[in-house]
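Notes follow once the structure below has been shown.
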Amino acid sequence: MTRPFDSYIILARMRTGSNLLEQTLNTVPGLVCHGEAFNPGFVGAADAEELLGVTLAQREADPLRLIARMKEAAPGLPGFRFFHDHDGRVLAHCLSDRRCAKIVLTRNPLECYISLKIAGLTGRWKMGSLRGHSTALAPFDAIEFEDYLATQQAFQMEILRALQTTAQTAFYIDYDDLHDLEVLNGLLRFLGIDHQITAVPDKIKKQNPEAPADKVANPAEMEQALARLDRFNLSRTPSFEPRRGPAVPGLLAAAGAPLMFMPLRAGPEAQLAAWLARAGRGGLIEGFTHKELRQWRRANPGHRSFAVLRHPVARAHEAFAEVLHSGGKPLDLRRLMLRVYNLALPQSADDPSWNLAAHRAGFLNFLRFLRGNLTGQTSVRVDPRWATQSALLQGYGAINGPDVVLREDRLAEGLAFVAAEAGIAAPPLPPPDPERAPYPLAQVYTPDIEAAAREAYQRDYLAFGFGNWQG
């Protein structure tokens with residue numbers, strides 16, 4: 001009998017049990033799972049730079065080459081695990097390929113988030129034995145969780161829409177189903193595999209079996225934060241959650257004044273937050289949910305919202321500074337840029353060889369990376385810190401975008417106008433945010449950097465009429 005598929009993709013997120021599912025499938029004759037084959041930082045397994053004869057650089061240049069190699073090398077059905085921040089080119093290809101089976105692995109997002117926080121604290125991402133087991137109480141951050149949940153839902157909605165518009169279906173399996181032999185054997189039938197699983201491998205253990213409230217350092221705060229989320233069901237996000245616009249926890253409102261700031265990442269965020277706090281009663285309202293945003297708007301008739309554009313060169317330089325400081329995070333951007341994209345970057349924060357010339361060359365190469373990233377030519381997802389401001393403003397459109405879009409180079413004048421529109425006196429503008437990069441942009445800037453920024457951010461230059469950066 002002809003099999004319905006010639007490959008498969010496990011669409012999941014970190015801490016959903018994807019390691020266990022991979023291990024289970026690899027015990028089945030005729031199935032092979034190649035791990036995180038399209039993780040931006042490695043190929044298949046942590047620190048691996050080659051899979052089936054395809055190197056990291058070759059995969060980066062042509063990701064479909066690795067998929068073709070999997071099909072050539074496997075006598076059975078090959079597949080791999082894919083997370084939301086893996087290569088977007090691969091996701092688009094697989095979602096449109098009817099011969100690629102889609103397995104959507106989900107988990108209660110609260111459990112997922114807490115597990116991710118604990119793994120980050122303990123450094124233990126997979127456990128094969130209870131010996132030496134260590135745990136920690138995770139700090140629950142309501143704003144961070146809201147952002148995490150919105151990202152997870154956006155990924156699931158992208159999958160769902162692709163399946164709907166191409167008349168395809170997927171096999172949905174939850175974290176709690178990974179030891180259910182009937183469900184697992186149903187998955188095999190979906191894949192067209194004539195085999196029965198009789199036992200689940202026991203090499204991977206559940207790391208933190210306690211209830212969520214017992215795994216966080218601030219359970220009362222977590223309970224309060226979850227109670228205000230505007231959701232119908234936290235436990236099944238894949239295809240049954242209501243469609244939502246962008247996450248709103250990053251919005252800032254003045255306490256006691258009808259003013260709201262809609263930040264564009266890598267802009268003058270701290271300076272504007274300080275101005276907004278002065279505009280009201282000396283405080284800020286933050287961590288909004290959609291419900292709270294609606295309530296704030298109802299309670300503040302005549303409210304005004306604003307965003308601030310920053311010149312693409314200055315904004316990219318701020319994003320570059322964040323990459324330089326990104327060591328140790330789940331996706332270590334600095335390490336990724338060093339290993340995968342061969343960008344000139346300091347080996348450490350106090351690298352003595354990192355002088356002005358090295359910084360200028362590194363920034364120029366970063367801008368060249370951005371050109372490819374923003375046009376979908378890299379495996380790294382477009383980060384809000386360097387996404388086009390056009391795209392970020394379009395995202396705000398789903399929640400009614402800003403009333404006014406100001407310019408950083410005319411900020412005092414623009415904020416005075418916004419304050420007058422809201423019927424309040426504009427407070428003095430605080431000093432600009434200090435530059436985080438080791439060298440100020442005024443020393444780094446060259447015509448070559450301007451040209452590279454124009455190539456990367458052509459959309460913003462055209463949409464907003466930016467000229468050359470003036471300092």
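Scheme for the structure tokens: letters A, B, ... for chains in order shown; per-chain residue numbers from 1; ligand numbers from 1 in order shown.
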
Margin query: Need to verify the contact set: Leu110 of chain A, 10 Å, only C-alpha atoms, exclusion of same-chain residues closer than 6 positions in sequence. Can you return it as a PyMOL selection string?
Written below: chain A and resi 116+140+145+148-149+212+222+226+234-235

Note to self: Applying 7 Å and only C-alpha atoms, which residues near Leu309 of chain A remain after dropping the ones on its own chain fewer than 3 positions away? List them as a list in words.
What the structure shows: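 In the requested format, the answer is Val405, Leu406, Arg407 and Glu408 of chain A.
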
Margin query: Could you list, as a list in words, every residue within 9 Å of segment 432-444 of chain A, counting only C-alpha atoms and ignoring same-chain residues fewer than 5 positions away?
Written below: Pro268, Glu269, Ala270, Gln271, Leu272, Val313, Ala314, His317, Glu318, Phe320, Ala321, Glu322, Leu324, His325, Asn355, Leu356, Ala357, His359, Arg360, Phe363, Ile449, Gln470 and Gly471 of chain A

Note to self: Excluding Ala74 of chain A and its own-chain neighbours fewer than 2 positions away, which residues fall within 12 Å of it when counting only C-alpha atoms? Please give them as a list in words.
What the structure shows: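 In the requested form, the answer reads Asp6, Ser7, Pro29, Gly30, Leu31, Val32, Cys33, His34, Leu52, Ile67, Ala68, Arg69, Met70, Lys71, Glu72, Gly76, Leu77, Pro78 and Gly79 of chain A.
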
With N, CA and C atoms kept, could you save the residues just selected as a PDB file, in the first residue's frame?
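That gives us out17.pdb:
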```pdb
ATOM      1  N   ASP A   6       5.596  11.257   2.532  1.00  0.00           N
ATOM      2  CA  ASP A   6       6.997  10.867   2.362  1.00  0.00           C
ATOM      3  C   ASP A   6       7.918  11.601   3.338  1.00  0.00           C
ATOM      4  N   SER A   7       7.336  12.367   4.280  1.00  0.00           N
ATOM      5  CA  SER A   7       8.103  12.997   5.368  1.00  0.00           C
ATOM      6  C   SER A   7       7.100  13.484   6.406  1.00  0.00           C
ATOM      7  N   PRO A  29      10.088   0.753  13.559  1.00  0.00           N
ATOM      8  CA  PRO A  29      10.693   0.446  12.266  1.00  0.00           C
ATOM      9  C   PRO A  29      10.014   1.244  11.157  1.00  0.00           C
ATOM     10  N   GLY A  30      10.811   1.836  10.308  1.00  0.00           N
ATOM     11  CA  GLY A  30      10.255   2.623   9.217  1.00  0.00           C
ATOM     12  C   GLY A  30      10.085   4.092   9.532  1.00  0.00           C
ATOM     13  N   LEU A  31      10.456   4.514  10.742  1.00  0.00           N
ATOM     14  CA  LEU A  31      10.391   5.921  11.118  1.00  0.00           C
ATOM     15  C   LEU A  31      11.750   6.385  11.610  1.00  0.00           C
ATOM     16  N   VAL A  32      12.119   7.604  11.272  1.00  0.00           N
ATOM     17  CA  VAL A  32      13.337   8.210  11.811  1.00  0.00           C
ATOM     18  C   VAL A  32      13.067   9.687  12.018  1.00  0.00           C
ATOM     19  N   CYS A  33      13.464  10.191  13.192  1.00  0.00           N
ATOM     20  CA  CYS A  33      13.303  11.615  13.510  1.00  0.00           C
ATOM     21  C   CYS A  33      14.695  12.217  13.708  1.00  0.00           C
ATOM     22  N   HIS A  34      14.969  13.305  12.996  1.00  0.00           N
ATOM     23  CA  HIS A  34      16.303  13.909  12.978  1.00  0.00           C
ATOM     24  C   HIS A  34      16.436  15.093  13.924  1.00  0.00           C
ATOM     25  N   LEU A  52      23.642  14.289   8.007  1.00  0.00           N
ATOM     26  CA  LEU A  52      23.517  13.560   6.738  1.00  0.00           C
ATOM     27  C   LEU A  52      24.378  14.168   5.645  1.00  0.00           C
ATOM     28  N   ILE A  67      16.185  18.617   3.615  1.00  0.00           N
ATOM     29  CA  ILE A  67      14.959  17.817   3.540  1.00  0.00           C
ATOM     30  C   ILE A  67      15.093  16.766   2.444  1.00  0.00           C
ATOM     31  N   ALA A  68      15.633  17.173   1.302  1.00  0.00           N
ATOM     32  CA  ALA A  68      15.833  16.216   0.211  1.00  0.00           C
ATOM     33  C   ALA A  68      16.792  15.115   0.629  1.00  0.00           C
ATOM     34  N   ARG A  69      17.843  15.481   1.378  1.00  0.00           N
ATOM     35  CA  ARG A  69      18.827  14.486   1.828  1.00  0.00           C
ATOM     36  C   ARG A  69      18.186  13.506   2.808  1.00  0.00           C
ATOM     37  N   MET A  70      17.287  13.980   3.676  1.00  0.00           N
ATOM     38  CA  MET A  70      16.583  13.087   4.595  1.00  0.00           C
ATOM     39  C   MET A  70      15.797  12.031   3.820  1.00  0.00           C
ATOM     40  N   LYS A  71      15.117  12.460   2.788  1.00  0.00           N
ATOM     41  CA  LYS A  71      14.297  11.529   2.007  1.00  0.00           C
ATOM     42  C   LYS A  71      15.167  10.520   1.258  1.00  0.00           C
ATOM     43  N   GLU A  72      16.320  10.970   0.802  1.00  0.00           N
ATOM     44  CA  GLU A  72      17.230  10.073   0.088  1.00  0.00           C
ATOM     45  C   GLU A  72      17.850   9.046   1.031  1.00  0.00           C
ATOM     46  N   GLY A  76      12.735   4.538   5.317  1.00  0.00           N
ATOM     47  CA  GLY A  76      11.349   4.697   5.725  1.00  0.00           C
ATOM     48  C   GLY A  76      10.907   6.139   5.628  1.00  0.00           C
ATOM     49  N   LEU A  77      10.208   6.583   6.650  1.00  0.00           N
ATOM     50  CA  LEU A  77       9.624   7.927   6.663  1.00  0.00           C
ATOM     51  C   LEU A  77      10.451   8.837   7.575  1.00  0.00           C
ATOM     52  N   PRO A  78      11.112   9.858   7.019  1.00  0.00           N
ATOM     53  CA  PRO A  78      11.932  10.749   7.839  1.00  0.00           C
ATOM     54  C   PRO A  78      11.156  11.963   8.306  1.00  0.00           C
ATOM     55  N   GLY A  79      11.576  12.515   9.421  1.00  0.00           N
ATOM     56  CA  GLY A  79      10.949  13.726   9.928  1.00  0.00           C
ATOM     57  C   GLY A  79      11.863  14.456  10.882  1.00  0.00           C
TER      58      GLY A  79
END
```

Check: Residues at most 12 Å from Pro139 of chain A, counting only C-alpha atoms, excluding those fewer than 4 positions away in the same chain, as a VMD selection string?
Finding: chain A and resid 113 to 118 120 to 121 143 to 145 212 to 222

Got time to write the residues from that selection, C-alpha atoms, as a PDB file, in the first residue's frame?
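Final output, saved to part_23.pdb:
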```pdb
ATOM      1  CA  TYR A 113       6.181  28.392  30.560  1.00  0.00           C
ATOM      2  CA  ILE A 114       6.984  27.296  34.122  1.00  0.00           C
ATOM      3  CA  SER A 115       8.987  24.320  32.853  1.00  0.00           C
ATOM      4  CA  LEU A 116      10.959  26.636  30.588  1.00  0.00           C
ATOM      5  CA  LYS A 117      11.728  28.977  33.481  1.00  0.00           C
ATOM      6  CA  ILE A 118      12.846  26.110  35.736  1.00  0.00           C
ATOM      7  CA  GLY A 120      16.666  28.028  32.550  1.00  0.00           C
ATOM      8  CA  LEU A 121      17.376  28.271  36.279  1.00  0.00           C
ATOM      9  CA  ILE A 143       3.955  40.352  31.352  1.00  0.00           C
ATOM     10  CA  GLU A 144       6.460  37.773  30.148  1.00  0.00           C
ATOM     11  CA  PHE A 145       3.814  35.037  30.274  1.00  0.00           C
ATOM     12  CA  PRO A 212       1.952  24.742  38.914  1.00  0.00           C
ATOM     13  CA  ALA A 213       1.414  26.622  42.183  1.00  0.00           C
ATOM     14  CA  ASP A 214       4.091  24.463  43.835  1.00  0.00           C
ATOM     15  CA  LYS A 215       6.661  25.240  41.145  1.00  0.00           C
ATOM     16  CA  VAL A 216       6.677  29.041  41.271  1.00  0.00           C
ATOM     17  CA  ALA A 217       8.093  31.414  43.849  1.00  0.00           C
ATOM     18  CA  ASN A 218       5.056  33.733  43.755  1.00  0.00           C
ATOM     19  CA  PRO A 219       1.903  31.560  43.396  1.00  0.00           C
ATOM     20  CA  ALA A 220      -0.502  34.236  44.637  1.00  0.00           C
ATOM     21  CA  GLU A 221       0.771  36.709  42.063  1.00  0.00           C
ATOM     22  CA  MET A 222       0.487  34.034  39.369  1.00  0.00           C
TER      23      MET A 222
END
```

Notebook entry, point to check: Which is closer to Trp386 of chain A than all the others in A:Leu370, A:Ala154, A:Ile159, A:Ala167, using only C-alpha atoms?
Noted result: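 Selected residue with least distance to Trp386 of chain A: A:Leu370.
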
Check: Can you list, as a ChimeraX atom specification, every residue of segment 77-229 of chain A that DSSP puts in helix (DSSP H, G or I)?
Finding: /A:88-96,109-122,142-165,175-177,181-191,212-214,219-227

Margin query: Using DSSP assignments from the backbone, pull out every residue in segment 46-101 of chain A that falls under strand (DSSP E) and give it to me as an MDAnalysis selection string.
Written below: chainID A and resid 50:51 54:55 77:82 100:101

Export, as an mmCIF file, in the first residue's frame, the selected residues with N, CA and C atoms.
```cif
data_model
loop_
_atom_site.group_PDB
_atom_site.id
_atom_site.type_symbol
_atom_site.label_atom_id
_atom_site.label_comp_id
_atom_site.auth_asym_id
_atom_site.auth_seq_id
_atom_site.Cartn_x
_atom_site.Cartn_y
_atom_site.Cartn_z
ATOM 1 N N GLU A 50 26.618 19.347 11.402
ATOM 2 C CA GLU A 50 26.426 18.598 10.166
ATOM 3 C C GLU A 50 25.408 17.500 10.404
ATOM 4 N N LEU A 51 24.570 17.255 9.421
ATOM 5 C CA LEU A 51 23.574 16.187 9.491
ATOM 6 C C LEU A 51 23.429 15.591 8.108
ATOM 7 N N VAL A 54 25.158 17.275 5.280
ATOM 8 C CA VAL A 54 24.829 18.673 5.004
ATOM 9 C C VAL A 54 25.308 19.518 6.176
ATOM 10 N N THR A 55 26.165 20.482 5.902
ATOM 11 C CA THR A 55 26.720 21.313 6.966
ATOM 12 C C THR A 55 25.756 22.428 7.348
ATOM 13 N N LEU A 77 10.208 6.583 6.650
ATOM 14 C CA LEU A 77 9.624 7.927 6.663
ATOM 15 C C LEU A 77 10.451 8.837 7.575
ATOM 16 N N PRO A 78 11.112 9.858 7.019
ATOM 17 C CA PRO A 78 11.932 10.749 7.839
ATOM 18 C C PRO A 78 11.156 11.963 8.306
ATOM 19 N N GLY A 79 11.576 12.515 9.421
ATOM 20 C CA GLY A 79 10.949 13.726 9.928
ATOM 21 C C GLY A 79 11.863 14.456 10.882
ATOM 22 N N PHE A 80 11.350 15.517 11.479
ATOM 23 C CA PHE A 80 12.163 16.338 12.384
ATOM 24 C C PHE A 80 11.240 17.163 13.266
ATOM 25 N N ARG A 81 11.819 17.692 14.341
ATOM 26 C CA ARG A 81 11.084 18.567 15.248
ATOM 27 C C ARG A 81 11.286 20.017 14.816
ATOM 28 N N PHE A 82 10.228 20.815 14.908
ATOM 29 C CA PHE A 82 10.307 22.201 14.443
ATOM 30 C C PHE A 82 9.618 23.101 15.456
ATOM 31 N N CYS A 100 3.895 16.050 3.202
ATOM 32 C CA CYS A 100 4.561 16.167 4.509
ATOM 33 C C CYS A 100 3.495 16.101 5.590
ATOM 34 N N ALA A 101 3.548 15.087 6.435
ATOM 35 C CA ALA A 101 2.566 14.940 7.517
ATOM 36 C C ALA A 101 2.843 15.958 8.614
#
```

Notebook entry, point to check: In terms of the shortest atom-to-atom distance over only C-alpha atoms, which of A:Ala255, A:Ile399, A:Ala279, A:Leu345 is closest to Ala358 of chain A?
Noted result: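 Nearest candidate to Ala358 of chain A out of A:Ala255, A:Ile399, A:Ala279, A:Leu345: A:Leu345.
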
Margin query: Excluding Pro40 of chain A and its own-chain neighbours fewer than 6 positions away, which residues fall within 7 Å of it when counting only C-alpha atoms? Please give them as a list in words.
Written below: His86, Asp87, Ser379 and Val380 of chain A

Deliver the residues from the most recent selection as a file, using N, CA and C atoms, as a tab-separated table (two decimals), in the first residue's frame.
```tsv
chain	number	residue	atom	x	y	z
A	86	HIS	N	12.39	28.40	14.56
A	86	HIS	CA	13.25	27.77	13.57
A	86	HIS	C	13.03	28.40	12.20
A	87	ASP	N	13.68	27.86	11.19
A	87	ASP	CA	13.73	28.49	9.86
A	87	ASP	C	12.34	28.64	9.24
A	379	SER	N	17.51	31.50	8.65
A	379	SER	CA	16.70	30.62	9.49
A	379	SER	C	16.22	31.30	10.77
A	380	VAL	N	16.74	32.49	11.07
A	380	VAL	CA	16.39	33.19	12.30
A	380	VAL	C	15.10	33.97	12.08
```
